[in-house]
file query_27.pdb (PDB, C-alpha atoms)
ATOM      1  CA  MET A 548       3.161  -2.985  10.174
ATOM      2  CA  SER A 549       4.850  -1.337  13.147
ATOM      3  CA  LYS A 550       5.868   2.307  13.232
ATOM      4  CA  GLY A 551       9.578   1.544  13.405
ATOM      5  CA  PRO A 552      12.625   2.942  11.611
ATOM      6  CA  GLY A 553      11.607   1.593   8.194
ATOM      7  CA  LEU A 554      13.577  -0.584   5.793
ATOM      8  CA  PHE A 555      17.187   0.076   4.850
ATOM      9  CA  SER A 556      15.999   0.964   1.345
ATOM     10  CA  ASP A 557      14.093   3.907   2.866
ATOM     11  CA  ILE A 558      17.336   5.636   3.908
ATOM     12  CA  GLY A 559      17.891   8.460   1.413
ATOM     13  CA  LYS A 560      14.747   7.519  -0.536
ATOM     14  CA  LYS A 561      13.022  10.897  -0.117
ATOM     15  CA  ALA A 562      15.951  12.738  -1.705
ATOM     16  CA  LYS A 563      16.291  10.111  -4.442
ATOM     17  CA  ASP A 564      12.611  10.370  -5.349
ATOM     18  CA  LEU A 565      12.776  14.161  -5.553
ATOM     19  CA  LEU A 566      15.783  13.998  -7.900
ATOM     20  CA  THR A 567      14.796  11.035 -10.093
ATOM     21  CA  LYS A 568      11.083  10.220  -9.929
ATOM     22  CA  ASP A 569       9.041  11.423 -12.940
ATOM     23  CA  TYR A 570      12.168  12.583 -14.827
ATOM     24  CA  ILE A 571      11.347  10.525 -17.918
ATOM     25  CA  THR A 572      12.805  10.672 -21.443
ATOM     26  CA  ASP A 573      10.266   8.571 -23.331
ATOM     27  CA  GLN A 574       6.565   8.672 -24.195
ATOM     28  CA  LYS A 575       4.232   6.660 -21.973
ATOM     29  CA  PHE A 576       0.465   6.190 -21.911
ATOM     30  CA  SER A 577      -1.344   4.097 -19.311
ATOM     31  CA  VAL A 578      -4.984   3.371 -18.487
ATOM     32  CA  SER A 579      -6.124   1.754 -15.240
ATOM     33  CA  THR A 580      -9.467   0.178 -14.353
ATOM     34  CA  TYR A 581     -10.695  -1.247 -11.052
ATOM     35  CA  SER A 582     -13.489  -3.599 -10.086
ATOM     36  CA  ASP A 583     -15.426  -4.023  -6.847
ATOM     37  CA  THR A 584     -13.915  -7.507  -6.402
ATOM     38  CA  GLY A 585     -10.395  -6.135  -5.921
ATOM     39  CA  VAL A 586      -9.050  -6.569  -9.463
ATOM     40  CA  ALA A 587      -7.019  -3.717 -11.007
ATOM     41  CA  ILE A 588      -5.965  -3.782 -14.676
ATOM     42  CA  THR A 589      -3.433  -1.338 -16.122
ATOM     43  CA  SER A 590      -2.539  -1.167 -19.833
ATOM     44  CA  THR A 591       0.648   0.715 -20.740
ATOM     45  CA  ALA A 592       2.207   1.750 -24.042
ATOM     46  CA  VAL A 593       5.791   3.076 -24.089
ATOM     47  CA  LYS A 594       7.851   4.546 -26.944
ATOM     48  CA  LYS A 595      11.630   4.746 -26.502
ATOM     49  CA  GLY A 596      13.969   6.003 -29.198
ATOM     50  CA  GLY A 597      11.572   5.216 -32.010
ATOM     51  CA  LEU A 598      10.782   1.737 -30.636
ATOM     52  CA  SER A 599       7.362   0.987 -29.212
ATOM     53  CA  ALA A 600       6.470  -1.473 -26.488
ATOM     54  CA  GLY A 601       3.510  -2.163 -24.310
ATOM     55  CA  ASP A 602       2.338  -4.242 -21.418
ATOM     56  CA  VAL A 603      -0.793  -5.177 -19.529
ATOM     57  CA  ALA A 604      -0.655  -5.474 -15.747
ATOM     58  CA  THR A 605      -3.313  -7.067 -13.555
ATOM     59  CA  GLN A 606      -3.475  -6.783  -9.784
ATOM     60  CA  TYR A 607      -5.722  -8.868  -7.569
ATOM     61  CA  LYS A 608      -6.186  -8.149  -3.862
ATOM     62  CA  TYR A 609      -7.762 -10.448  -1.321
ATOM     63  CA  ASN A 610      -7.429  -9.844   2.423
ATOM     64  CA  ASN A 611      -3.659  -9.733   3.093
ATOM     65  CA  THR A 612      -2.622 -11.108  -0.323
ATOM     66  CA  VAL A 613      -1.765  -9.153  -3.477
ATOM     67  CA  LEU A 614      -1.028 -10.837  -6.821
ATOM     68  CA  ASP A 615       0.522  -8.794  -9.652
ATOM     69  CA  VAL A 616       0.817 -10.239 -13.168
ATOM     70  CA  LYS A 617       2.303  -8.328 -16.118
ATOM     71  CA  PHE A 618       2.398  -9.313 -19.800
ATOM     72  CA  ASP A 619       4.644  -7.465 -22.274
ATOM     73  CA  THR A 620       5.029  -7.435 -26.049
ATOM     74  CA  GLU A 621       8.131  -9.664 -25.853
ATOM     75  CA  SER A 622       6.005 -12.550 -24.510
ATOM     76  CA  ASN A 623       7.375 -12.216 -20.982
ATOM     77  CA  ILE A 624       5.144 -12.862 -17.980
ATOM     78  CA  SER A 625       6.175 -11.281 -14.685
ATOM     79  CA  THR A 626       4.418 -12.389 -11.516
ATOM     80  CA  THR A 627       4.747 -11.034  -7.973
ATOM     81  CA  LEU A 628       2.926 -12.467  -4.968
ATOM     82  CA  THR A 629       2.916 -10.409  -1.755
ATOM     83  CA  VAL A 630       1.519 -11.782   1.486
ATOM     84  CA  THR A 631       1.379  -9.676   4.646
ATOM     85  CA  ASP A 632       1.270 -10.973   8.212
ATOM     86  CA  ILE A 633       1.633 -14.706   7.588
ATOM     87  CA  ILE A 634       3.525 -14.293  10.837
ATOM     88  CA  PRO A 635       2.758 -11.037  12.714
ATOM     89  CA  SER A 636       4.779  -8.043  11.465
ATOM     90  CA  THR A 637       6.130  -9.843   8.393
ATOM     91  CA  LYS A 638       5.769  -9.497   4.642
ATOM     92  CA  ALA A 639       6.731 -12.173   2.109
ATOM     93  CA  ILE A 640       7.313 -11.338  -1.566
ATOM     94  CA  ALA A 641       7.801 -14.022  -4.212
ATOM     95  CA  SER A 642       8.491 -13.079  -7.840
ATOM     96  CA  PHE A 643       9.454 -14.797 -11.074
ATOM     97  CA  LYS A 644       9.534 -14.068 -14.781
ATOM     98  CA  LEU A 645       8.698 -16.489 -17.578
ATOM     99  CA  PRO A 646      10.228 -17.906 -19.739
ATOM    100  CA  ASP A 647      13.347 -17.138 -17.636
ATOM    101  CA  TYR A 648      12.982 -19.914 -15.076
ATOM    102  CA  ASN A 649      16.085 -18.749 -13.156
ATOM    103  CA  SER A 650      14.600 -15.333 -12.402
ATOM    104  CA  GLY A 651      12.705 -16.431  -9.301
ATOM    105  CA  LYS A 652      13.281 -14.487  -6.086
ATOM    106  CA  LEU A 653      11.946 -14.773  -2.548
ATOM    107  CA  GLU A 654      12.095 -11.915  -0.046
ATOM    108  CA  VAL A 655      10.979 -11.817   3.579
ATOM    109  CA  GLN A 656      10.636  -8.568   5.549
ATOM    110  CA  TYR A 657      10.240  -8.298   9.324
ATOM    111  CA  TYR A 658       9.131  -5.102  11.042
ATOM    112  CA  HIS A 659       9.586  -4.154  14.704
ATOM    113  CA  TYR A 660       9.170  -0.950  16.697
ATOM    114  CA  HIS A 661      12.947  -0.642  17.063
ATOM    115  CA  GLY A 662      14.256  -2.356  13.932
ATOM    116  CA  THR A 663      13.587  -4.085  10.624
ATOM    117  CA  PHE A 664      15.200  -7.036   8.906
ATOM    118  CA  THR A 665      14.998  -8.279   5.312
ATOM    119  CA  THR A 666      16.480 -11.225   3.500
ATOM    120  CA  ALA A 667      16.147 -12.002  -0.204
ATOM    121  CA  ALA A 668      17.482 -14.909  -2.234
ATOM    122  CA  ALA A 669      17.391 -15.830  -5.905
ATOM    123  CA  LEU A 670      15.715 -19.178  -6.566
ATOM    124  CA  ASN A 671      18.429 -20.869  -8.638
ATOM    125  CA  GLN A 672      21.388 -23.218  -8.189
ATOM    126  CA  SER A 673      23.853 -20.434  -7.304
ATOM    127  CA  PRO A 674      21.750 -17.839  -5.523
ATOM    128  CA  VAL A 675      22.806 -14.385  -4.449
ATOM    129  CA  VAL A 676      21.589 -13.697  -0.918
ATOM    130  CA  ASP A 677      20.873 -10.105   0.133
ATOM    131  CA  ILE A 678      20.454  -9.179   3.807
ATOM    132  CA  SER A 679      19.661  -5.788   5.307
ATOM    133  CA  ALA A 680      18.786  -4.494   8.761
ATOM    134  CA  THR A 681      17.978  -1.223  10.480
ATOM    135  CA  ILE A 682      17.727  -0.211  14.123
ATOM    136  CA  GLY A 683      16.396   2.951  15.690
ATOM    137  CA  THR A 684      13.161   4.905  15.669
ATOM    138  CA  PRO A 685      11.099   6.761  13.059
ATOM    139  CA  THR A 686      13.243   9.813  13.912
ATOM    140  CA  ILE A 687      16.747   8.321  13.627
ATOM    141  CA  ALA A 688      17.776   5.027  12.041
ATOM    142  CA  PHE A 689      21.037   3.186  11.415
ATOM    143  CA  GLY A 690      21.213   0.434   8.827
ATOM    144  CA  ALA A 691      23.388  -1.824   6.710
ATOM    145  CA  GLU A 692      22.981  -4.283   3.844
ATOM    146  CA  ALA A 693      25.169  -6.935   2.224
ATOM    147  CA  GLY A 694      24.997  -9.229  -0.781
ATOM    148  CA  TYR A 695      26.664 -12.657  -0.723
ATOM    149  CA  GLU A 696      27.384 -14.771  -3.810
ATOM    150  CA  THR A 697      27.108 -18.421  -2.823
ATOM    151  CA  ASN A 698      28.846 -19.537  -6.024
ATOM    152  CA  SER A 699      32.069 -17.588  -5.429
ATOM    153  CA  GLY A 700      31.802 -17.233  -1.673
ATOM    154  CA  LYS A 701      32.354 -13.465  -1.907
ATOM    155  CA  PHE A 702      30.392 -10.400  -0.920
ATOM    156  CA  SER A 703      29.001  -8.640  -3.982
ATOM    157  CA  LYS A 704      28.129  -5.505  -2.002
ATOM    158  CA  TYR A 705      28.046  -4.000   1.462
ATOM    159  CA  THR A 706      26.513  -0.668   2.358
ATOM    160  CA  ALA A 707      25.814   1.287   5.545
ATOM    161  CA  GLY A 708      23.703   4.355   6.204
ATOM    162  CA  VAL A 709      22.060   6.636   8.743
ATOM    163  CA  SER A 710      19.012   8.877   8.449
ATOM    164  CA  VAL A 711      17.463  11.576  10.626
ATOM    165  CA  ASN A 712      13.812  12.435  10.043
ATOM    166  CA  GLN A 713      11.915  15.447  11.311
ATOM    167  CA  PRO A 714       8.358  16.573  10.430
ATOM    168  CA  ASP A 715       9.734  19.205   8.033
ATOM    169  CA  SER A 716      13.104  17.729   6.992
ATOM    170  CA  CYS A 717      15.108  14.585   6.352
ATOM    171  CA  ALA A 718      18.887  14.023   6.225
ATOM    172  CA  SER A 719      20.836  10.880   5.342
ATOM    173  CA  ILE A 720      24.373   9.624   4.746
ATOM    174  CA  ILE A 721      25.103   6.390   2.877
ATOM    175  CA  LEU A 722      28.489   4.690   2.506
ATOM    176  CA  GLY A 723      28.206   2.401  -0.516
ATOM    177  CA  ASP A 724      29.979   0.570  -3.341
ATOM    178  CA  LYS A 725      32.017  -1.437  -0.818
ATOM    179  CA  GLY A 726      33.232   1.777   0.790
ATOM    180  CA  ASP A 727      34.189   3.465  -2.495
ATOM    181  CA  SER A 728      31.456   6.109  -2.413
ATOM    182  CA  ILE A 729      29.636   8.271   0.086
ATOM    183  CA  ARG A 730      26.352  10.098  -0.517
ATOM    184  CA  ALA A 731      24.839  12.749   1.743
ATOM    185  CA  SER A 732      21.427  14.329   1.170
ATOM    186  CA  TYR A 733      19.083  16.789   2.838
ATOM    187  CA  VAL A 734      15.404  17.445   2.137
ATOM    188  CA  TYR A 735      13.396  20.343   3.542
ATOM    189  CA  ASN A 736       9.599  20.508   3.224
ATOM    190  CA  PHE A 737       7.865  23.879   3.102
ATOM    191  CA  ASP A 738       4.361  22.516   3.749
ATOM    192  CA  GLN A 739       2.778  19.676   5.697
ATOM    193  CA  LEU A 740       1.664  17.866   2.530
ATOM    194  CA  LYS A 741       5.329  17.856   1.383
ATOM    195  CA  LYS A 742       4.428  19.060  -2.117
ATOM    196  CA  SER A 743       6.831  22.008  -1.977
ATOM    197  CA  SER A 744      10.319  20.865  -1.022
ATOM    198  CA  THR A 745      13.976  21.535  -1.674
ATOM    199  CA  VAL A 746      16.753  18.948  -1.809
ATOM    200  CA  GLY A 747      20.533  18.899  -1.928
ATOM    201  CA  GLU A 748      22.706  15.840  -2.511
ATOM    202  CA  ILE A 749      26.476  15.377  -2.776
ATOM    203  CA  THR A 750      28.198  12.175  -3.860
ATOM    204  CA  ARG A 751      31.924  11.464  -3.739
ATOM    205  CA  ARG A 752      33.601   8.469  -5.382
ATOM    206  CA  PHE A 753      37.003   7.886  -3.787
ATOM    207  CA  SER A 754      38.530   5.713  -6.540
ATOM    208  CA  THR A 755      38.094   8.420  -9.192
ATOM    209  CA  ASN A 756      38.235  11.452  -6.874
ATOM    210  CA  GLU A 757      34.965  12.625  -8.450
ATOM    211  CA  ASN A 758      32.322  14.754  -6.767
ATOM    212  CA  THR A 759      28.745  15.251  -7.927
ATOM    213  CA  PHE A 760      26.582  17.904  -6.324
ATOM    214  CA  THR A 761      22.888  18.135  -7.182
ATOM    215  CA  VAL A 762      20.236  20.580  -6.035
ATOM    216  CA  GLY A 763      16.563  20.447  -6.834
ATOM    217  CA  GLY A 764      13.080  20.768  -5.523
ATOM    218  CA  SER A 765       9.375  20.684  -6.155
ATOM    219  CA  TYR A 766       6.801  23.461  -6.018
ATOM    220  CA  ALA A 767       3.031  23.118  -5.884
ATOM    221  CA  VAL A 768       1.675  25.852  -8.161
ATOM    222  CA  ASP A 769      -1.852  24.937  -7.051
ATOM    223  CA  ASN A 770      -3.766  21.835  -5.963
ATOM    224  CA  LEU A 771      -3.543  20.375  -9.484
ATOM    225  CA  THR A 772      -0.110  21.438 -10.760
ATOM    226  CA  LEU A 773       3.372  20.514  -9.574
ATOM    227  CA  VAL A 774       6.740  21.702 -10.931
ATOM    228  CA  LYS A 775      10.068  19.963 -10.224
ATOM    229  CA  THR A 776      13.597  21.004 -11.189
ATOM    230  CA  LYS A 777      17.156  19.775 -10.617
ATOM    231  CA  LEU A 778      20.681  20.861 -11.582
ATOM    232  CA  ASN A 779      24.066  19.258 -10.905
ATOM    233  CA  ASN A 780      27.634  20.576 -11.095
ATOM    234  CA  HIS A 781      28.135  18.792 -14.445
ATOM    235  CA  GLY A 782      25.599  21.106 -16.059
ATOM    236  CA  LYS A 783      22.678  18.673 -16.343
ATOM    237  CA  LEU A 784      19.409  20.554 -15.907
ATOM    238  CA  GLY A 785      16.093  18.749 -15.592
ATOM    239  CA  ALA A 786      12.500  19.933 -15.232
ATOM    240  CA  VAL A 787       9.122  18.259 -14.732
ATOM    241  CA  LEU A 788       5.601  19.633 -15.050
ATOM    242  CA  GLN A 789       2.731  17.553 -13.670
ATOM    243  CA  HIS A 790      -0.924  18.489 -13.970
ATOM    244  CA  GLU A 791      -3.950  16.563 -12.738
ATOM    245  CA  LEU A 792      -6.356  16.769 -15.672
ATOM    246  CA  ILE A 793      -9.189  15.026 -13.838
ATOM    247  CA  PRO A 794      -9.123  13.389 -10.384
ATOM    248  CA  LYS A 795      -6.327  10.743 -10.260
ATOM    249  CA  SER A 796      -5.432  11.243 -13.946
ATOM    250  CA  VAL A 797      -2.065  12.984 -14.388
ATOM    251  CA  LEU A 798      -0.193  14.452 -17.354
ATOM    252  CA  THR A 799       3.605  14.594 -16.931
ATOM    253  CA  ILE A 800       5.986  16.544 -19.185
ATOM    254  CA  SER A 801       9.715  16.186 -18.554
ATOM    255  CA  SER A 802      12.836  17.640 -20.152
ATOM    256  CA  GLU A 803      16.600  17.424 -19.689
ATOM    257  CA  PHE A 804      19.274  19.860 -20.931
ATOM    258  CA  ASP A 805      23.048  19.870 -20.887
ATOM    259  CA  THR A 806      23.878  23.495 -20.101
ATOM    260  CA  LYS A 807      27.536  22.897 -21.022
ATOM    261  CA  ALA A 808      26.628  21.603 -24.491
ATOM    262  CA  LEU A 809      23.694  23.672 -25.694
ATOM    263  CA  ASP A 810      24.250  22.472 -29.264
ATOM    264  CA  LYS A 811      22.961  19.047 -28.245
ATOM    265  CA  THR A 812      19.263  18.316 -28.679
ATOM    266  CA  PRO A 813      17.382  18.434 -25.361
ATOM    267  CA  ARG A 814      15.637  15.247 -24.260
ATOM    268  CA  PHE A 815      11.895  15.311 -23.631
ATOM    269  CA  GLY A 816       9.465  12.885 -22.065
ATOM    270  CA  LEU A 817       5.680  12.679 -21.936
ATOM    271  CA  ALA A 818       3.430  10.504 -19.791
ATOM    272  CA  LEU A 819      -0.331  10.316 -19.421
ATOM    273  CA  ALA A 820      -1.860   8.142 -16.688
ATOM    274  CA  LEU A 821      -5.652   7.749 -16.669
ATOM    275  CA  LYS A 822      -7.308   6.304 -13.569
ATOM    276  CA  PRO A 823     -10.993   6.078 -12.671
TER     277      PRO A 823
END
call {"tool": "encode", "arguments": {"input": "query_27.pdb", "output": "structure tokens"}}
result
Amino acid sequence: MSKGPGLFSDIGKKAKDLLTKDYITDQKFSVSTYSDTGVAITSTAVKKGGLSAGDVATQYKYNNTVLDVKFDTESNISTTLTVTDIIPSTKAIASFKLPDYNSGKLEVQYYHYHGTFTTAAALNQSPVVDISATIGTPTIAFGAEAGYETNSGKFSKYTAGVSVNQPDSCASIILGDKGDSIRASYVYNFDQLKKSSTVGEITRRFSTNENTFTVGGSYAVDNLTLVKTKLNNHGKLGAVLQHELIPKSVLTISSEFDTKALDKTPRFGLALALKP
């Protein structure tokens, strides 16, 4: 793929990942195995609120094609087929879930040095069509996306954003929820590997006159241990500890506190991912 401005979904993604990724509140255990023929199998067990669930995911890679199949305990089968460069600089993604025959979706992505374009449509009688586009460079990008309901003939969403990327920082502004909200974020990286970073994000919803300000960051204690924290103006405090037990196998411990209601029981999460 070309070294262009990236997809619209990449705008603000670095800040979002720092503030949400790995902040879990359940117990999760996964084991992955790989073969020389390009087959990867991952088995996952999850416990949420006293309820247990599990799934088995299989990934097969061949040249420019990747097939992902996941089975869960509720007898659902989720399949995703990704093909790269059917036409140069394109990626096609087809997905569906059985037994829900109306869950099919087809997405096509096109990459260029000065822009990207994506279109996605549900494969049913009244599909929702999503379109997004970005223009710019890897340093600065402008983008927009819209969702159109063919059944009602109305737009379900429209969003616009801009991002500025530097080797040690990233800033973005997104106008979303049909113009009802605006979100601005800034990420600063203290090292080239981007393991130690700080982030600030402010969101304003105009209809409710509500502001949410969140600060957070990550700190690499050493090559094997990473600590992440976040706190917003509503008093929600979160923390994550990740430690690489053996190469590629990571233990994650997460917690969340409400500093304005200390009588409430904190929420904790635990995840163990084993990979060969």
call {"tool": "closest_residue", "arguments": {"input": "query_27.pdb", "among": "A:Gly551, A:Gly763, A:Gly723, A:Gly601", "to": "Val787 (chain A)", "atoms": "only C-alpha atoms"}}
result
A:Gly763
call {"tool": "resolve_selection", "arguments": {"input": "query_27.pdb", "expression": "the PyMOL selection byres ((chain A and resi 568-579) around 9)", "output": "NGL selection string"}}
result
:A and (563-567 or 580-581 or 587-596 or 775 or 785-787 or 789 or 799-803 or 814-823)
call {"tool": "closest_residue", "arguments": {"input": "query_27.pdb", "among": "A:Asp619, A:Asn671, A:Thr776, A:Leu771", "to": "Val797 (chain A)", "atoms": "only C-alpha atoms"}}
result
A:Leu771
call {"tool": "resolve_selection", "arguments": {"input": "query_27.pdb", "expression": "the PyMOL selection byres ((chain A and resi 628) around 12)", "output": "JSON, numbers by chain"}}
result
{"A": [605, 606, 607, 608, 609, 611, 612, 613, 614, 615, 616, 617, 625, 626, 627, 629, 630, 631, 638, 639, 640, 641, 642, 643, 644, 651, 652, 653, 654, 655]}
call {"tool": "residues_around", "arguments": {"input": "query_27.pdb", "residues": "Arg752 (chain A)", "least_positions_apart": "4", "cutoff": "9 Å", "atoms": "all atoms listed in the file", "output": "PyMOL selection string"}}
result
chain A and resi 724+727-730+756-759
call {"tool": "build_atoms", "arguments": {"input": "query_27.pdb", "residues": "region 727-745 of chain A", "atoms": "N, CA and C atoms", "output": "PDB file, in the frame of the given file"}}
result
ATOM      1  N   ASP A 727      33.558   2.604  -1.488  1.00  0.00           N
ATOM      2  CA  ASP A 727      34.189   3.465  -2.495  1.00  0.00           C
ATOM      3  C   ASP A 727      33.440   4.774  -2.699  1.00  0.00           C
ATOM      4  N   SER A 728      32.214   4.874  -2.204  1.00  0.00           N
ATOM      5  CA  SER A 728      31.456   6.109  -2.413  1.00  0.00           C
ATOM      6  C   SER A 728      30.714   6.484  -1.140  1.00  0.00           C
ATOM      7  N   ILE A 729      30.441   7.761  -1.016  1.00  0.00           N
ATOM      8  CA  ILE A 729      29.636   8.271   0.086  1.00  0.00           C
ATOM      9  C   ILE A 729      28.650   9.288  -0.476  1.00  0.00           C
ATOM     10  N   ARG A 730      27.393   9.201  -0.013  1.00  0.00           N
ATOM     11  CA  ARG A 730      26.352  10.098  -0.517  1.00  0.00           C
ATOM     12  C   ARG A 730      25.606  10.711   0.673  1.00  0.00           C
ATOM     13  N   ALA A 731      25.546  12.024   0.688  1.00  0.00           N
ATOM     14  CA  ALA A 731      24.839  12.749   1.743  1.00  0.00           C
ATOM     15  C   ALA A 731      23.729  13.577   1.111  1.00  0.00           C
ATOM     16  N   SER A 732      22.556  13.590   1.732  1.00  0.00           N
ATOM     17  CA  SER A 732      21.427  14.329   1.170  1.00  0.00           C
ATOM     18  C   SER A 732      20.626  14.993   2.284  1.00  0.00           C
ATOM     19  N   TYR A 733      19.921  16.054   1.890  1.00  0.00           N
ATOM     20  CA  TYR A 733      19.083  16.789   2.838  1.00  0.00           C
ATOM     21  C   TYR A 733      17.837  17.281   2.105  1.00  0.00           C
ATOM     22  N   VAL A 734      16.681  17.027   2.699  1.00  0.00           N
ATOM     23  CA  VAL A 734      15.404  17.445   2.137  1.00  0.00           C
ATOM     24  C   VAL A 734      14.686  18.328   3.149  1.00  0.00           C
ATOM     25  N   TYR A 735      14.180  19.462   2.682  1.00  0.00           N
ATOM     26  CA  TYR A 735      13.396  20.343   3.542  1.00  0.00           C
ATOM     27  C   TYR A 735      12.028  20.561   2.908  1.00  0.00           C
ATOM     28  N   ASN A 736      10.972  20.363   3.696  1.00  0.00           N
ATOM     29  CA  ASN A 736       9.599  20.508   3.224  1.00  0.00           C
ATOM     30  C   ASN A 736       9.014  21.831   3.697  1.00  0.00           C
ATOM     31  N   PHE A 737       8.423  22.573   2.778  1.00  0.00           N
ATOM     32  CA  PHE A 737       7.865  23.879   3.102  1.00  0.00           C
ATOM     33  C   PHE A 737       6.410  23.800   3.556  1.00  0.00           C
ATOM     34  N   ASP A 738       5.750  22.657   3.345  1.00  0.00           N
ATOM     35  CA  ASP A 738       4.361  22.516   3.749  1.00  0.00           C
ATOM     36  C   ASP A 738       4.139  21.121   4.311  1.00  0.00           C
ATOM     37  N   GLN A 739       3.055  20.946   5.042  1.00  0.00           N
ATOM     38  CA  GLN A 739       2.778  19.676   5.697  1.00  0.00           C
ATOM     39  C   GLN A 739       2.491  18.561   4.712  1.00  0.00           C
ATOM     40  N   LEU A 740       1.945  18.886   3.543  1.00  0.00           N
ATOM     41  CA  LEU A 740       1.664  17.866   2.530  1.00  0.00           C
ATOM     42  C   LEU A 740       2.913  17.455   1.755  1.00  0.00           C
ATOM     43  N   LYS A 741       4.040  18.164   1.990  1.00  0.00           N
ATOM     44  CA  LYS A 741       5.329  17.856   1.383  1.00  0.00           C
ATOM     45  C   LYS A 741       5.295  17.938  -0.140  1.00  0.00           C
ATOM     46  N   LYS A 742       4.458  18.848  -0.675  1.00  0.00           N
ATOM     47  CA  LYS A 742       4.428  19.060  -2.117  1.00  0.00           C
ATOM     48  C   LYS A 742       5.461  20.087  -2.563  1.00  0.00           C
ATOM     49  N   SER A 743       5.800  21.020  -1.671  1.00  0.00           N
ATOM     50  CA  SER A 743       6.831  22.008  -1.977  1.00  0.00           C
ATOM     51  C   SER A 743       8.041  21.708  -1.107  1.00  0.00           C
ATOM     52  N   SER A 744       9.131  21.305  -1.761  1.00  0.00           N
ATOM     53  CA  SER A 744      10.319  20.865  -1.022  1.00  0.00           C
ATOM     54  C   SER A 744      11.570  21.274  -1.782  1.00  0.00           C
ATOM     55  N   THR A 745      12.673  21.325  -1.053  1.00  0.00           N
ATOM     56  CA  THR A 745      13.976  21.535  -1.674  1.00  0.00           C
ATOM     57  C   THR A 745      14.909  20.422  -1.229  1.00  0.00           C
TER      58      THR A 745
END
